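Student: What follows is a structure written as structure tokens; I'll ask about it next.
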Protein chains: 2
Amino acid sequence: MIKIKILSVGKQKHSWLEEAIKEYEKRLTGAVQIEWLLYKSDDQLEANAIQEKRLICLDPRGIEYDSPQFSQFIQKELNQHGPRLTFIIGGALGLCEALKEKANHTISVSKLTFTHQLARLILVEQLYRSLEIAKNSPYHK
Amino acid sequence: MIKIKILSVGKQKHSWLEEAIKEYEKRLTGAVQIEWLLYKSDDQLEANAIQEKRLICLDPRGIEYDSPQFSQFIQKELNQHGPRLTFIIGGALGLCEALKEKANHTISVSKLTFTHQLARLILVEQLYRSLEIAKNSPYHK
């Protein structure tokens with residue numbers, strides 16, 4: 001079982017987001033367990049993220065992969081460091097320098113700025129897609 | 001009133017997507033009217049899209065803007081060609097060559113491949129964001 005921790009800011013509940021994320025979590029059942037750590041502010045998020053051992057930061061200025069490259073990246077991480085991944089989703093202003101320095105990888109899902117909510121959904125969909133690509137399933141085509 | 005037509009493939013209804021899109025459409029009330037043209041297949045989508053006069057294609061291999069650049073792009077289109085924009089969202093395999101040739105612009109929201117559903121939500125959120133950036137509102141910060 002792969003355990004993925006995702007740290008983000010989440011002040012409000014959005015029922016559409018909960019529903020959409022649940023859909024992907026359901027598909028990942030048995031293979032991946034996602035733990036959400038949602039904080040009330042960027043400061044709180046960063047103070048907690050800095051405690052993590054290994055960290056993948058999502059930031060608009062990070063490296064951009066296409067979906068097959070993202071899948072390879074995930075597989076390599078799992079092979080080299082075991083079945084635990086920790087992601088942090090930064091706010092619109094990006095992550096603080098201390099976190100960027102600490103991050104093992106800083107990747108970007110787009111040059112565009114998204115809301116935290118949308119970034120959470122994109123990340124979960126891409127994690128699901130990356131496993132489907134690795135399995136060579138028809139989902140991603 | 002800005003009228004935006006979005007052509008995409010939409011075989012199934014997803015209640016979370018309807019809800020999320022409705023949220024942005026509500027915020028755009030009075031300023032922007034979005035007309036959705038959802039087709040059952042890529043072929044049907046392309047056959048209809050080719051009839052459009054001016055067309056902005058969304059394709060992972062298009063030009064990538066950041067959100068302020070996307071906002072400038074939208075403003076320029078509106079200033080030069082009037083308050084109507086037509087977008088087409090391609091499938092995972094991208095759009096056919098005939099459409100790419102016909103397109104006035106081909107832009108990419110990410111190098112990653114997304115589902116049609118997610119691409120629709122991203123486009124609507126960025127359209128809303130682009131108008132907020134043009135108004136210099138605090139939404140995008």
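Simple scheme: letters A, B, ... for chains in structure tokens order, numbers from 1 for residues in each chain, numbers from 1 for ligands in the order shown.
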Mind checking DSSP for chain B and telling me the strand (DSSP E) residues as a PyMOL selection string?

Tutor: chain B and resi 2-9+32-39+56-64+84-89+105-108

Student: Output the contact residues of chain B with respect to chain A at a cut-off of 8 Å, based on only C-alpha atoms, as a list in words.

Tutor: Ser15, Trp16, Leu17, Glu19, Ala20, Glu64, Tyr65, Asp66, Ser67, Ala92, Leu93, Val109, Ser110, Lys111, Leu112, Thr113, Phe114, Leu118, Ile122, Glu125, Gln126, His140 and Lys141 of chain B

Student: Which one is closest to A:Ile88: A:Ile50, A:Ile74, A:Ile6, A:Ile34? Count only C-alpha atoms.

Tutor: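 Among the listed residues, the smallest separation from A:Ile88 belongs to A:Ile6.
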
Student: Quick one: pull the distance between atom CA of A:Tyr128 and atom CA of B:Ile107, Å, one decimal.

Tutor: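 Going from atom CA of A:Tyr128 over to atom CA of B:Ile107 covers 24.9 Å.
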
Student: Chain B: which residues are helix (DSSP H, G or I) by DSSP, as a ChimeraX atom specification?

Tutor: /B:15-27,42-49,67-81,97-102,116-135,138-140

Student: Using only C-alpha atoms, which protein or nucleic acid residues come within 9 Å of A:Leu45? Drop anything in the same chain fewer than 4 positions from it, and give the result as a ChimeraX atom specification.

Tutor: /A:7-9,37-41,49-50,88,90

Student: If we count only C-alpha atoms and set the cut-off at 9 Å, which residues sit around B:Gln75, ignoring sequence neighbours fewer than 5 positions away in its own chain? Please answer as a PyMOL selection string.

Tutor: chain B and resi 70+80+130-131+134

Student: Have a look at B:Ala47, B:Leu127, B:Leu95, B:Ile56 and name the one nearest to B:Arg27; count only C-alpha atoms.

Tutor: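 Closest to B:Arg27, using only C-alpha atoms: B:Leu127.
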
Student: Atom CA of A:Gly94 to atom CA of A:Lys3: how many Å, to one decimal?

Tutor: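 Calculated distance between atom CA of A:Gly94 and atom CA of A:Lys3 is 25.1 Å.
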
Student: Expressed in Å to a single decimal, how great is the separation between atom CA of A:Lys135 and atom CA of A:Glu35?

Tutor: 23.1 Å
